[in-house]
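Dropping input.pdb in here (PDB, C-alpha atoms and all ligand atoms):
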ATOM      1  CA  MET A 674     -23.784   6.544  -5.943
ATOM      2  CA  ARG A 675     -21.294   8.038  -8.344
ATOM      3  CA  VAL A 676     -17.591   8.175  -7.463
ATOM      4  CA  ARG A 677     -14.902  10.077  -9.300
ATOM      5  CA  LEU A 678     -11.303   9.653  -8.250
ATOM      6  CA  SER A 679      -7.806   9.214  -9.557
ATOM      7  CA  VAL A 680      -6.211   5.784  -9.268
ATOM      8  CA  ASN A 681      -2.492   5.706 -10.048
ATOM      9  CA  GLY A 682      -2.923   8.926 -11.998
ATOM     10  CA  ALA A 683      -5.822   7.711 -14.158
ATOM     11  CA  SER A 684      -9.305   9.222 -13.755
ATOM     12  CA  GLN A 685     -11.998   6.770 -12.762
ATOM     13  CA  GLU A 686     -15.740   7.338 -12.585
ATOM     14  CA  HIS A 687     -18.246   4.655 -11.664
ATOM     15  CA  GLU A 688     -21.656   4.087 -10.200
ATOM     16  CA  VAL A 689     -21.171   2.031  -7.011
ATOM     17  CA  GLU A 690     -23.202   0.580  -4.182
ATOM     18  CA  PRO A 691     -22.897   2.807  -1.089
ATOM     19  CA  ARG A 692     -21.558  -0.152   0.929
ATOM     20  CA  LEU A 693     -18.816  -1.104  -1.547
ATOM     21  CA  LEU A 694     -15.412  -1.107   0.151
ATOM     22  CA  LEU A 695     -12.517   0.723  -1.468
ATOM     23  CA  VAL A 696     -10.541  -2.520  -1.706
ATOM     24  CA  GLN A 697     -13.408  -4.198  -3.562
ATOM     25  CA  TYR A 698     -13.725  -1.185  -5.821
ATOM     26  CA  LEU A 699     -10.028  -1.288  -6.686
ATOM     27  CA  ARG A 700      -9.974  -5.041  -7.275
ATOM     28  CA  GLU A 701     -13.366  -5.695  -8.821
ATOM     29  CA  VAL A 702     -14.357  -2.460 -10.530
ATOM     30  CA  VAL A 703     -11.011  -0.931 -11.528
ATOM     31  CA  GLY A 704      -9.430  -4.379 -11.997
ATOM     32  CA  LEU A 705      -6.279  -3.751  -9.951
ATOM     33  CA  THR A 706      -5.799  -6.974  -8.019
ATOM     34  CA  GLY A 707      -2.382  -6.185  -6.559
ATOM     35  CA  THR A 708      -4.041  -4.926  -3.372
ATOM     36  CA  ASN A 709      -4.770  -8.013  -1.295
ATOM     37  CA  VAL A 710      -7.428  -8.807   1.279
ATOM     38  CA  GLY A 711      -6.062 -10.732   4.232
ATOM     39  CA  CYS A 712      -8.684 -10.302   6.907
ATOM     40  CA  ASP A 713     -11.438  -7.803   6.081
ATOM     41  CA  THR A 714     -11.423  -6.691   9.703
ATOM     42  CA  SER A 715      -8.731  -3.994   9.548
ATOM     43  CA  SER A 716      -6.162  -6.193  11.317
ATOM     44  CA  CYS A 717      -3.616  -7.293   8.719
ATOM     45  CA  GLY A 718      -2.726  -4.332   6.492
ATOM     46  CA  ALA A 719      -2.605  -6.437   3.294
ATOM     47  CA  CYS A 720      -5.044  -3.982   1.720
ATOM     48  CA  THR A 721      -2.991  -0.839   2.436
ATOM     49  CA  VAL A 722      -3.037   1.844  -0.281
ATOM     50  CA  LEU A 723      -2.277   5.557  -0.298
ATOM     51  CA  MET A 724      -5.177   7.993  -0.312
ATOM     52  CA  ASP A 725      -4.014  11.559  -0.942
ATOM     53  CA  GLY A 726      -0.571  10.362   0.101
ATOM     54  CA  GLU A 727      -1.611   8.853   3.460
ATOM     55  CA  SER A 728      -1.633   5.105   3.978
ATOM     56  CA  VAL A 729      -5.096   3.669   4.633
ATOM     57  CA  LYS A 730      -6.403   0.154   5.021
ATOM     58  CA  SER A 731      -8.698   0.032   2.028
ATOM     59  CA  CYS A 732     -10.965  -2.550   3.674
ATOM     60  CA  THR A 733     -11.901   0.111   6.228
ATOM     61  CA  VAL A 734     -12.797   2.795   3.678
ATOM     62  CA  LEU A 735     -15.911   2.889   1.540
ATOM     63  CA  ALA A 736     -15.414   3.551  -2.156
ATOM     64  CA  VAL A 737     -17.664   6.601  -1.831
ATOM     65  CA  GLN A 738     -15.373   7.997   0.875
ATOM     66  CA  ALA A 739     -12.583   8.000  -1.701
ATOM     67  CA  ASP A 740     -14.607  10.283  -3.978
ATOM     68  CA  GLY A 741     -12.421  13.179  -5.128
ATOM     69  CA  THR A 742      -9.178  11.698  -3.806
ATOM     70  CA  GLU A 743      -5.996  10.426  -5.406
ATOM     71  CA  VAL A 744      -5.445   6.768  -4.650
ATOM     72  CA  THR A 745      -2.155   4.999  -5.263
ATOM     73  CA  THR A 746      -1.897   1.214  -5.273
ATOM     74  CA  ILE A 747       1.069  -1.097  -5.630
ATOM     75  CA  GLU A 748       0.509  -1.066  -9.402
ATOM     76  CA  GLY A 749       1.296   2.659  -9.386
ATOM     77  CA  MET A 750       4.714   2.269  -7.793
ATOM     78  CA  ALA A 751       6.957   1.242 -10.673
ATOM     79  CA  ARG A 752       7.941   3.978 -13.139
ATOM     80  CA  ASP A 753       9.141   3.431 -16.701
ATOM     81  CA  GLY A 754       9.691  -0.258 -16.049
ATOM     82  CA  GLU A 755      11.782   0.427 -12.938
ATOM     83  CA  MET A 756      10.639  -0.723  -9.527
ATOM     84  CA  HIS A 757      10.084   1.907  -6.862
ATOM     85  CA  PRO A 758      13.122   2.165  -4.525
ATOM     86  CA  VAL A 759      11.118   0.554  -1.703
ATOM     87  CA  GLN A 760      10.159  -2.374  -3.960
ATOM     88  CA  GLU A 761      13.782  -2.673  -5.027
ATOM     89  CA  ALA A 762      14.900  -2.695  -1.373
ATOM     90  CA  PHE A 763      12.388  -5.476  -0.577
ATOM     91  CA  ARG A 764      13.788  -7.521  -3.470
ATOM     92  CA  GLU A 765      17.389  -6.886  -2.531
ATOM     93  CA  HIS A 766      16.940  -7.667   1.168
ATOM     94  CA  HIS A 767      14.738 -10.744   0.673
ATOM     95  CA  ALA A 768      11.898  -9.057   2.525
ATOM     96  CA  LEU A 769       9.210 -11.390   1.228
ATOM     97  CA  GLN A 770       8.430 -15.056   1.120
ATOM     98  CA  CYS A 771       4.873 -15.838  -0.006
ATOM     99  CA  GLY A 772       4.430 -12.170  -0.934
ATOM    100  CA  TYR A 773       0.843 -11.880   0.278
ATOM    101  CA  CYS A 774       1.549  -9.059   2.702
ATOM    102  CA  THR A 775       4.053  -7.352   0.404
ATOM    103  CA  PRO A 776       1.882  -4.880  -1.542
ATOM    104  CA  GLY A 777       0.411  -3.527   1.685
ATOM    105  CA  MET A 778       3.779  -3.592   3.430
ATOM    106  CA  VAL A 779       5.402  -1.619   0.583
ATOM    107  CA  MET A 780       2.627   0.984   0.594
ATOM    108  CA  ALA A 781       2.846   1.361   4.378
ATOM    109  CA  ALA A 782       6.640   1.661   4.107
ATOM    110  CA  VAL A 783       6.404   4.337   1.412
ATOM    111  CA  SER A 784       4.050   6.349   3.595
ATOM    112  CA  LEU A 785       6.275   5.872   6.650
ATOM    113  CA  LEU A 786       9.374   6.994   4.761
ATOM    114  CA  GLN A 787       7.615  10.053   3.399
ATOM    115  CA  GLU A 788       6.952  11.133   6.963
ATOM    116  CA  HIS A 789      10.275   9.955   8.408
ATOM    117  CA  PRO A 790      12.823   9.743   5.574
ATOM    118  CA  ASP A 791      15.569   8.288   7.766
ATOM    119  CA  PRO A 792      13.801   6.343  10.511
ATOM    120  CA  THR A 793      15.346   4.335  13.329
ATOM    121  CA  GLU A 794      14.750   0.601  13.486
ATOM    122  CA  ALA A 795      12.289   1.168  16.330
ATOM    123  CA  ALA A 796      10.389   3.721  14.242
ATOM    124  CA  VAL A 797      10.146   1.276  11.335
ATOM    125  CA  ARG A 798       8.855  -1.494  13.596
ATOM    126  CA  GLU A 799       6.332   0.863  15.141
ATOM    127  CA  GLY A 800       5.328   2.351  11.791
ATOM    128  CA  LEU A 801       4.626  -1.059  10.296
ATOM    129  CA  GLU A 802       2.924  -2.607  13.300
ATOM    130  CA  GLY A 803      -0.455  -2.458  11.540
ATOM    131  CA  ASN A 804       0.872  -4.740   8.796
ATOM    132  CA  LEU A 805       1.146  -8.430   9.553
ATOM    133  CA  CYS A 806       3.441 -10.914   7.850
ATOM    134  CA  ARG A 807       3.015 -14.607   8.517
ATOM    135  CA  CYS A 808       6.273 -15.621   6.840
ATOM    136  CA  THR A 809       9.311 -13.465   7.317
ATOM    137  CA  GLY A 810       9.657 -12.710  11.014
ATOM    138  CA  TYR A 811       9.888  -9.032   9.953
ATOM    139  CA  HIS A 812      13.691  -8.857  10.199
ATOM    140  CA  ASN A 813      14.340  -8.464   6.479
ATOM    141  CA  ILE A 814      11.331  -6.200   6.017
ATOM    142  CA  VAL A 815      12.759  -3.819   8.602
ATOM    143  CA  LYS A 816      16.193  -4.065   6.962
ATOM    144  CA  ALA A 817      14.692  -3.253   3.557
ATOM    145  CA  VAL A 818      12.805  -0.227   4.858
ATOM    146  CA  LEU A 819      15.891   1.076   6.652
ATOM    147  CA  ALA A 820      17.914   0.643   3.449
ATOM    148  CA  ALA A 821      15.255   2.387   1.350
ATOM    149  CA  GLY A 822      15.177   5.175   3.916
ATOM    150  CA  SER A 823      18.867   5.852   3.788
ATOM    151  CA  ALA A 824      18.662   5.731  -0.014
ATOM    152  CA  LYS A 825      16.580   8.927   0.290
ATOM    153  CA  GLU A 826      14.597   8.125  -2.825
ATOM    154  CA  VAL A 827      11.248   7.307  -1.399
ATOM    155  CA  LEU A 828       8.974   9.843  -3.012
ATOM    156  CA  VAL A 829       6.017   8.359  -4.870
TER
HETATM  157  S1  LIG A 901      -7.711  -6.857   4.574
HETATM  158 FE1  LIG A 901      -7.675  -4.830   5.253
HETATM  159  S2  LIG A 901      -6.569  -4.910   7.106
HETATM  160 FE2  LIG A 901      -6.698  -6.986   6.477
HETATM  161  S1  LIG A 902       5.695 -12.748   2.949
HETATM  162 FE1  LIG A 902       4.092 -14.133   3.379
HETATM  163  S2  LIG A 902       2.771 -13.008   4.651
HETATM  164 FE2  LIG A 902       4.467 -11.730   4.412
END
Please express what this file holds, its structure, as structure tokens.
Amino acid sequence: MRVRLSVNGASQEHEVEPRLLLVQYLREVVGLTGTNVGCDTSSCGACTVLMDGESVKSCTVLAVQADGTEVTTIEGMARDGEMHPVQEAFREHHALQCGYCTPGMVMAAVSLLQEHPDPTEAAVREGLEGNLCRCTGYHNIVKAVLAAGSAKEVLV
């Protein structure tokens, strides 16, 4: 089947197997390997990307379901050599250790902050509960998201 979509602002068009997952499409066909696969069973959130601005776990979406959409991955976050404010907040607040969960965590945080620009700590914890981190204990992740939120610069 043919899919046409925008990935980080660039048009993509490919012939794909109907069962190809969006995360496989992004990594193996488009060549953007920043989106990680942690579980393949929709539990960990490592594969989170934005589809038409909403965060989705790209291991739960077929590439053909993304036909006609605008997908944003972690590679689309930095602008003109500058990290996105949420990425910058993660760096500043030491919100990562091994970094495996980080691309998905950042994408989920961007989506959360677009909906709730100045969330409470409880709202951040609830908003990110679909994203697992095996390293950090979440404390600094929550701090980073709260800081990015109050910075009010979270638009993609
Ligand atoms: S790889 Fe998609 S949720 Fe874990
Ligand atoms: S930083 Fe290692 S899993 Fe989150």
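The residues caught by the PyMOL selection byres (((chain A and resi 777) around 9) and not hetatm) in this file are Thr708, Asn709, Cys717, Gly718, Ala719, Cys720, Thr721, Val722, Lys730, Thr746, Ile747, Tyr773, Cys774, Thr775, Pro776, Met778, Val779, Met780, Ala781, Ala782 and Asn804 of chain A.
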> Which residues, written as JSON, numbers by chain, have at least one atom at most 9 Å from Val676 in chain A, with all atoms listed in the file counted and residues fewer than 6 positions away on the same chain left out?
Replying inline: {"A": [685, 686, 687, 688, 689, 736, 737, 738, 739, 740, 741]}
Taking all atoms of ligand LIG 901 (chain A) that the file lists and extending 5 Å past them on each side, where is the centre of the axis-aligned box and how long are its edges? Answer in Å to one decimal, as AutoDock Vina command-line options.
--center_x -7.1 --center_y -5.9 --center_z 5.8 --size_x 11.1 --size_y 12.2 --size_z 12.5
>> Can you translate the PyMOL selection byres (((chain A and resi 789-798) around 9) and not hetatm) into the concrete residues it hits in this file, as a VMD selection string?
In response: chain A and resid 782 784 to 788 799 to 802 811 815 to 816 818 to 819 821 to 827
Store the residues picked out above in a file with C-alpha atoms, as a PDB file, in the coordinates of the input.
ATOM      1  CA  ALA A 782       6.640   1.661   4.107  1.00  0.00           C
ATOM      2  CA  SER A 784       4.050   6.349   3.595  1.00  0.00           C
ATOM      3  CA  LEU A 785       6.275   5.872   6.650  1.00  0.00           C
ATOM      4  CA  LEU A 786       9.374   6.994   4.761  1.00  0.00           C
ATOM      5  CA  GLN A 787       7.615  10.053   3.399  1.00  0.00           C
ATOM      6  CA  GLU A 788       6.952  11.133   6.963  1.00  0.00           C
ATOM      7  CA  GLU A 799       6.332   0.863  15.141  1.00  0.00           C
ATOM      8  CA  GLY A 800       5.328   2.351  11.791  1.00  0.00           C
ATOM      9  CA  LEU A 801       4.626  -1.059  10.296  1.00  0.00           C
ATOM     10  CA  GLU A 802       2.924  -2.607  13.300  1.00  0.00           C
ATOM     11  CA  TYR A 811       9.888  -9.032   9.953  1.00  0.00           C
ATOM     12  CA  VAL A 815      12.759  -3.819   8.602  1.00  0.00           C
ATOM     13  CA  LYS A 816      16.193  -4.065   6.962  1.00  0.00           C
ATOM     14  CA  VAL A 818      12.805  -0.227   4.858  1.00  0.00           C
ATOM     15  CA  LEU A 819      15.891   1.076   6.652  1.00  0.00           C
ATOM     16  CA  ALA A 821      15.255   2.387   1.350  1.00  0.00           C
ATOM     17  CA  GLY A 822      15.177   5.175   3.916  1.00  0.00           C
ATOM     18  CA  SER A 823      18.867   5.852   3.788  1.00  0.00           C
ATOM     19  CA  ALA A 824      18.662   5.731  -0.014  1.00  0.00           C
ATOM     20  CA  LYS A 825      16.580   8.927   0.290  1.00  0.00           C
ATOM     21  CA  GLU A 826      14.597   8.125  -2.825  1.00  0.00           C
ATOM     22  CA  VAL A 827      11.248   7.307  -1.399  1.00  0.00           C
TER      23      VAL A 827
END
Considering all atoms listed in the file, give me a table of residues in chain A that are at most 6 Å from ligand LIG 902 (chain A), with the closest atom pair and distance in Å for each, as a tab-separated table.
residue	atom	partner	partner_atom	distance
A:Leu769	CA	A:LIG902	S1	4.1
A:Gln770	CA	A:LIG902	S1	4.0
A:Cys771	CA	A:LIG902	FE1	3.9
A:Gly772	CA	A:LIG902	S1	4.1
A:Tyr773	CA	A:LIG902	S2	4.9
A:Cys774	CA	A:LIG902	FE2	4.3
A:Thr775	CA	A:LIG902	FE2	5.9
A:Cys806	CA	A:LIG902	FE2	3.7
A:Arg807	CA	A:LIG902	S2	4.2
A:Cys808	CA	A:LIG902	FE1	4.4
A:Thr809	CA	A:LIG902	S1	5.7
> Between atom FE1 of ligand LIG 901 (chain A) and CA of Asp725 in chain A, what is the spacing in Å?
Replying inline: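 Computing it gives 17.9 Å between the two atoms.
Of the listed residues (A:Leu805, A:Leu693, A:Val680, A:Met674), A:Leu805 comes nearest to ligand LIG 901 (chain A); the distances count only C-alpha atoms and all ligand atoms.
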>> Please compute the CA of Glu765 in chain A-atom S2 of ligand LIG 901 (chain A) distance, one decimal, in Å.
In response: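 Atom S2 of ligand LIG 901 (chain A) lies at a distance of 25.9 Å from CA of Glu765 in chain A.
You can rank A:Thr714, A:Gln760, A:Thr742, A:Asn813 by their closest distance to ligand LIG 901 (chain A) using all atoms listed in the file, and at the top of that list sits A:Thr714.
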> Using all atoms listed in the file, which of A:Ala768, A:Cys712, A:Ile814, A:Ala762 sits nearest ligand LIG 901 (chain A)?
Replying inline: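 Among A:Ala768, A:Cys712, A:Ile814, A:Ala762, it is A:Cys712 that comes nearest to ligand LIG 901 (chain A).
Minimum atom-to-atom distances from A:Gly726, A:Gly711, A:Gly803, A:Gly749 to ligand LIG 901 (chain A) were compared using all atoms listed in the file, and the lowest value belongs to A:Gly711.
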> What separation in Å, quoted to one decimal, exists between CA of Gly810 in chain A and atom S1 of ligand LIG 901 (chain A)?
Replying inline: 19.4 Å
> Hey, which of A:Leu723, A:Glu743, A:Val759, A:Asp713 ends up closest to ligand LIG 901 (chain A)? Count all atoms listed in the file.
Replying inline: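 Ranked by minimum distance to ligand LIG 901 (chain A), first place goes to A:Asp713.
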>> Restricting the calculation to only C-alpha atoms: of A:Met750, A:Val703, A:Ser715, A:Leu678, which residue gets closest to Cys732 in chain A?
In response: A:Ser715
Please write as a compact mmCIF listing (two decimals) with C-alpha atoms, keeping the file's coordinate frame the full residue list that the PyMOL selection byres (((chain A and resi 694-698) around 6) and not hetatm) yields on this file.
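So the final result, stored in result27.txt, reads:
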# COMPACT_ATOMS: atom_id res chain seq x y z
CA LEU A 693 -18.82 -1.10 -1.55
CA LEU A 699 -10.03 -1.29 -6.69
CA ARG A 700 -9.97 -5.04 -7.28
CA GLU A 701 -13.37 -5.70 -8.82
CA VAL A 702 -14.36 -2.46 -10.53
CA SER A 731 -8.70 0.03 2.03
CA CYS A 732 -10.96 -2.55 3.67
CA VAL A 734 -12.80 2.80 3.68
CA LEU A 735 -15.91 2.89 1.54
CA ALA A 736 -15.41 3.55 -2.16
